[in-house]
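Chemist: Okay, here's the structure, questions in a sec.
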Amino acid sequence: MSKKLLIILSGVFLTLCIVVGGDAFALKSLDPSGATTGLTVDVSAATAGSPTATEITDQIGKNKVSINMMWVLITGFLVMFMQAGFAMVESGLTRAKNAAHTMSMNMMIYPIGMLAFFICGFGIMFGGVGPLATLGGYDGLNQEFAISLFGHTFGLFGTKGFFLSGVYDVSVFALFLFQMVFMDTTATIPTGSMAERWKFSAFVVYGFFVGTILYPVYGNWVWGGGWLSQMGNQFGLGNGHVDFAGSSVVHLTGGVLALVGAIIIGPRIGKYNKDGSPNAIPGHNIPMAVIGTFILAFGWFGFNPGSTLAGTDLRMSIVAVNTMIASATGAIGAMLYMWWFKTKKPDPTMMINGLLAGLVAITAPCAFVTVQAAALIGLIAGVLVIEAAFFIEKVLKIDDPVGAIAVHGVNGAWGCIALGLFADGTYGAGLNGVAGPVTGLFYGNPGQLYAELIGISANIIYIGALGWVVFKLIDIVIGNRVKPEDELDGLDIPEMGVEGYCGIRLDKNSETPLSK
Amino acid sequence: MKKIEAIIRSSRYEEVKKALHDIDIDFFTWWDVTGQGNDTKHKTEIYRGTVRDTSFISRRYLSLVVRDVNLQKTIDCLLKTAYTGEVGDGKIFVSEIVQSYRIRTGESGDESLFNKD
């Protein structure tokens with residue numbers, strides 16, 4: 001017994017000696033407060049502790065680029081997490097018998113879209129964007145296909161960076177990650193409006209198209225140096241079509257695709273009666289939908305502030321607060337509108353839509369408006385989304401289970417218009433090659449609003465037309481819609497082979513209203 | 001032997017179960033059911049602006065098989081404890097059982113419903 005004790009005690013003593021003794025030989029003394037950590041000796045220099053002037057300024061530049069790149073990457077990770085938010089919102093607002101299928105679409109759009117963007121989407125969108133000023137100034141993305149009309153250049157798409165070849169540079173890769181997660185946000189929007197009747201194989205083909213040509217071409221026009229961004233430069237319309245974080249590039253594109261897709265695929269069985277009146281098909285998991293909404297709202301803190309592409313651009317604090325305020329007024333606006341004016345009860349699914357609508361609407365103007373304007377923009381978005389959802393369902397007779405068209409399409413357009421109205425001229429000098437800051441109609445510059453309207457129209461026309469072609473093509477070759485028996489029975493087994501809620505008894509056909 | 005099928009409010013179930021145990025009726029089956037009643041015939045709710053029919057009601061369905069000697073006291077107990085006085089308290093149906101068996105021992109008739117301890 002005492003021998004064992006002796007061995008243990010000597011082992012403890014030996015360890016203590018090593019630990020304490022080790023410190024006795026350390027070059028740096030203990031620093032619990034951090035006051036003496038991070039000194040001249042840490043500046044990269046040929047002789048540590050005595051950096052030359054150039055080495056000091058090099059380190060400063062490196063730190064600046066490093067802060068910017070870290071910001072871009074971390075906000076990019078936040079936006080990636082929004083994929084989970086979309087998955088939960090869409091699955092929560094659709095029926096349980098289709099849960100595995102809805103979730104699978106939202107899960108697989110992430111890798112499929114990423115692959116498509118990697119193959120040619122990034123090259124098309126950013127092949128000609130020019131120097132990446134905030135991320136180290138790499139200027140190899142300089143190949144843009146443009147046409148010349150009436151003495152003006154119209155950049156149409158980039159032609160460098162396919163398969164990320166020829167651009168093996170740290171700045172490009174940071175940009176690629178950030179832009180890819182934005183593209184995935186667009187790609188996942190139509191899965192909401194086409195849920196519960198979309199063939200999984202047709203969805204996969206769509207996923208490749210959205211990442212290769214649908215999203216990137218319009219994205220090039222706005223963010224890649226293409227013609228919409230140069231309308232200020234070339235035609236004197238404000239700073240050209242400006243879209244800070246993507247109301248038009250991401251959300252309007254997604255909304256238009258959702259609209260075209262929903263029209264082509266048709267409404268769910270039982271949604272509309274013979275006289276055209278709609279039936280309610282309630283979602284099966286409101287808690288999941290609400291958590292998904294919070295995940296989206298959290299991810300939006302990466303979406304909007306991250307679009308400064310610079311952690312050293314301190315406007316990001318205003319961007320973040322504008323984003324937050326708009327989400328709040330969007331949700332409250334929707335809540336009160338339903339409660340007081342529409343159905344006398346605060347419908348949680350509409351409050352979800354209202355919060356998201358506020359976020360979508362502030363996405364374009366977040367960097368350019370006052371916080372009061374942001375609150376108003378969100379409030380209008382909260383009411384607009386409800387009216388739009390009702391209009392789409394009851395008048396246009398388009399079945400949109402989650403309200404994707406109303407949230408993303410309609411409010412994406414409203415966001416750009418709001419920028420054209422409310423931009424207050426305190427930021428954005430030099431954007432898109434125009435010396436002045438971004439200023440809207442209410443601050444004396446109607447040109448910006450015209451540029452926004454042109455941008456919105458170009459989106460609707462291009463995405464609408466090409467989206468129509470893509471969906472029609474898929475319909476002809478493999479068919480968009482599942483068989484009616486599969487739709488009534490639930491898509492989980494016929495399409496995915498796995499039930500979303502195995503072991504839970506679902507009365508599948510009682511959830512589908514009989515069309516009268 | 002008689003089968004008693006009682007459709008009662010879910011909120012009365014715990015009281016009913018306790019009262020049935022108190023009169024030594026210890027074995028029965030129950031499940032949750034959805035049904036239609038007169039009171040909520042025209043009830044609707046609105047989901048995202050569209051009216052939907054919510055006239056269905058939720059109740060608990062009890063199925064007891066008892067010996068003839070216990071029939072009346074069981075029914076009296078159910079009538080007393082499942083009562084609230086509001087419309088929608090439920091119904092009790094009594095039907096005749098031709099034969100019953102205990103699977104473990106193979107006993108039939110009254111012995112299969114009778115707990116000898």
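Labels for the structure tokens follow display order: chains A, B, ..., residues from 1 in each chain, ligands from 1.
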Skip region 138-146 of chain A itself and residues of its chain fewer than 6 positions away, then list as a ChimeraX atom specification all residues within 8 Å of it, counting only C-alpha atoms.
Modeler: /A:126-132,153-161,167,169,171-172
Chemist: Could you write out that same residue set with C-alpha atoms as a PDB file, in the first residue's frame?
Modeler:
ATOM      1  CA  PHE A 126     -16.436  37.001 -61.737  1.00  0.00           C
ATOM      2  CA  GLY A 127     -14.108  36.198 -64.599  1.00  0.00           C
ATOM      3  CA  GLY A 128     -13.954  39.874 -65.459  1.00  0.00           C
ATOM      4  CA  VAL A 129     -14.584  41.605 -62.150  1.00  0.00           C
ATOM      5  CA  GLY A 130     -11.212  43.318 -62.022  1.00  0.00           C
ATOM      6  CA  PRO A 131      -8.879  43.810 -59.034  1.00  0.00           C
ATOM      7  CA  LEU A 132     -10.042  42.404 -55.679  1.00  0.00           C
ATOM      8  CA  THR A 153     -19.572  48.746 -73.663  1.00  0.00           C
ATOM      9  CA  PHE A 154     -21.977  46.146 -72.344  1.00  0.00           C
ATOM     10  CA  GLY A 155     -20.195  43.508 -70.265  1.00  0.00           C
ATOM     11  CA  LEU A 156     -22.145  40.255 -70.527  1.00  0.00           C
ATOM     12  CA  PHE A 157     -20.192  37.467 -68.825  1.00  0.00           C
ATOM     13  CA  GLY A 158     -16.726  36.534 -67.602  1.00  0.00           C
ATOM     14  CA  THR A 159     -14.527  33.952 -69.256  1.00  0.00           C
ATOM     15  CA  LYS A 160     -11.865  33.115 -66.685  1.00  0.00           C
ATOM     16  CA  GLY A 161     -11.756  30.898 -63.636  1.00  0.00           C
ATOM     17  CA  VAL A 167      -6.749  31.633 -60.438  1.00  0.00           C
ATOM     18  CA  ASP A 169      -4.752  32.761 -55.436  1.00  0.00           C
ATOM     19  CA  SER A 171      -7.951  36.270 -52.601  1.00  0.00           C
ATOM     20  CA  VAL A 172      -9.880  34.519 -55.341  1.00  0.00           C
TER      21      VAL A 172
END
Chemist: Any chance you could tabulate, as JSON lines, the residues of chain A at most 7 Å from chain B with each one's nearest atom pair and distance in Å to one decimal, using only C-alpha atoms, in chain and rising number order?
Modeler:
{"residue": "A:Pro278", "atom": "CA", "partner": "B:Thr50", "partner_atom": "CA", "distance": 6.9}
{"residue": "A:Asn279", "atom": "CA", "partner": "B:Thr50", "partner_atom": "CA", "distance": 6.5}
{"residue": "A:Ala280", "atom": "CA", "partner": "B:Thr50", "partner_atom": "CA", "distance": 5.6}
{"residue": "A:Pro282", "atom": "CA", "partner": "B:Tyr47", "partner_atom": "CA", "distance": 6.8}
{"residue": "A:Thr343", "atom": "CA", "partner": "B:Gly49", "partner_atom": "CA", "distance": 6.7}
{"residue": "A:Asp347", "atom": "CA", "partner": "B:Arg48", "partner_atom": "CA", "distance": 6.9}
{"residue": "A:Met350", "atom": "CA", "partner": "B:Arg48", "partner_atom": "CA", "distance": 6.6}
{"residue": "A:Phe390", "atom": "CA", "partner": "B:Gly49", "partner_atom": "CA", "distance": 6.9}
Chemist: Residues at most 7 Å from region 106-109 of chain A, counting only C-alpha atoms, excluding those fewer than 2 positions away in the same chain, as number ranges by chain?
Modeler: A: 87, 102-104, 111-113, 184, 187-188, 191, 207
Chemist: Taking only C-alpha atoms into account, which of B:Lys43, B:Thr54, B:Gly35, B:Ala82 comes nearest Glu14 (chain B)?
Modeler: B:Ala82
Chemist: To test your reading of the structure, identify every residue in region 145-347 of chain A that backbone DSSP assigns to strand (DSSP E), and report it as a list of chain:residue names.
Modeler: A:Phe145, A:Ala146, A:Ile147, A:Ser148, A:Leu149, A:His152, A:Thr153, A:Phe154, A:Gly155, A:Leu156, A:Phe157, A:Gly158
Chemist: Using DSSP secondary structure from the backbone, list all helix (DSSP H, G or I) positions within region 3-108 of chain B, as JSON, numbers by chain.
Modeler: {"B": [10, 11, 12, 13, 14, 15, 16, 17, 18, 19, 20, 21, 22, 68, 69, 70, 71, 72, 73, 74, 75, 76, 77, 78, 79, 80, 81]}
Chemist: Report as CSV: every residue of region 46-102 of chain A with an atom at most 7 Å from region 304-307 of chain A, its closest pair of atoms, and their distance in Å to one decimal, counting only C-alpha atoms, with rows sorted by chain and ascending residue number.
Modeler:
residue,atom,partner,partner_atom,distance
A:Trp71,CA,A:Gly306,CA,6.7
A:Val72,CA,A:Gly306,CA,5.9
A:Thr75,CA,A:Gly306,CA,5.3
Chemist: Skipping near chain neighbours, those fewer than 4 positions away, what residues fall within 10 Å of region 194-204 of chain A using only C-alpha atoms, listed as a PyMOL selection string?
Modeler: chain A and resi 90-91+93-95+97-99+101-105+108-109+112-113+189-190+208-209+258-269+399-402+404+471+474-475+477-484+486-488+490-492+494-496
Chemist: So how many Å separate CA of Ile281 (chain A) and CA of Val469 (chain A), to one decimal?
Modeler: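 If I compute the distance from CA of Ile281 (chain A) to CA of Val469 (chain A), I get 29.6 Å.
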Chemist: Just give me the gap between CA of Gly467 (chain A) and CA of Val395 (chain A) in Å, one decimal is fine.
Modeler: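 Value for the CA of Gly467 (chain A)-CA of Val395 (chain A) distance: 22.5 Å.
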Chemist: Please provide as a ChimeraX atom specification all residues within 7 Å of Phe244 (chain A), with the sequence filter that same-chain residues fewer than 6 positions apart are discarded (counting only C-alpha atoms).
Modeler: /A:307,363-365,367
Chemist: Tell me, as an MDAnalysis selection string, which residues lie within 10 Å of region 418-424 of chain A, counting only C-alpha atoms; anything in the same chain fewer than 6 positions away does not count.
Modeler: chainID A and resid 238 241:244 247 361:370 373:374 376:377 411:412 437:453
Chemist: Just the residues within 8 Å of Gly333 (chain A), please, counting only C-alpha atoms, with nothing from its chain fewer than 5 positions along; format it as a list of chain:residue names.
Modeler: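 The residues that qualify are A:Gly354, A:Gly378, A:Leu379, A:Ile380, A:Ala381, A:Gly382, A:Val383.
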Chemist: CA of Gly85 (chain B) and CA of Leu64 (chain B) are how many Å apart?
Modeler: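 Interatomic distance, CA of Gly85 (chain B) to CA of Leu64 (chain B): 23.4 Å.
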Chemist: Give the answer as one residue: which of B:Ser112, B:Phe56, B:Ile92, B:Asp39 has the shortest atom-to-atom distance to Thr74 (chain B), using only C-alpha atoms?
Modeler: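 That would be B:Ile92, the residue with the smallest distance to Thr74 (chain B).
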Chemist: I need the residue nearest Gly123 (chain A) from this list: A:Pro51, A:Ser193, A:Ile147, A:Thr212. Use only C-alpha atoms for the distance.
Modeler: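 For Gly123 (chain A), the nearest of the candidates is A:Thr212.
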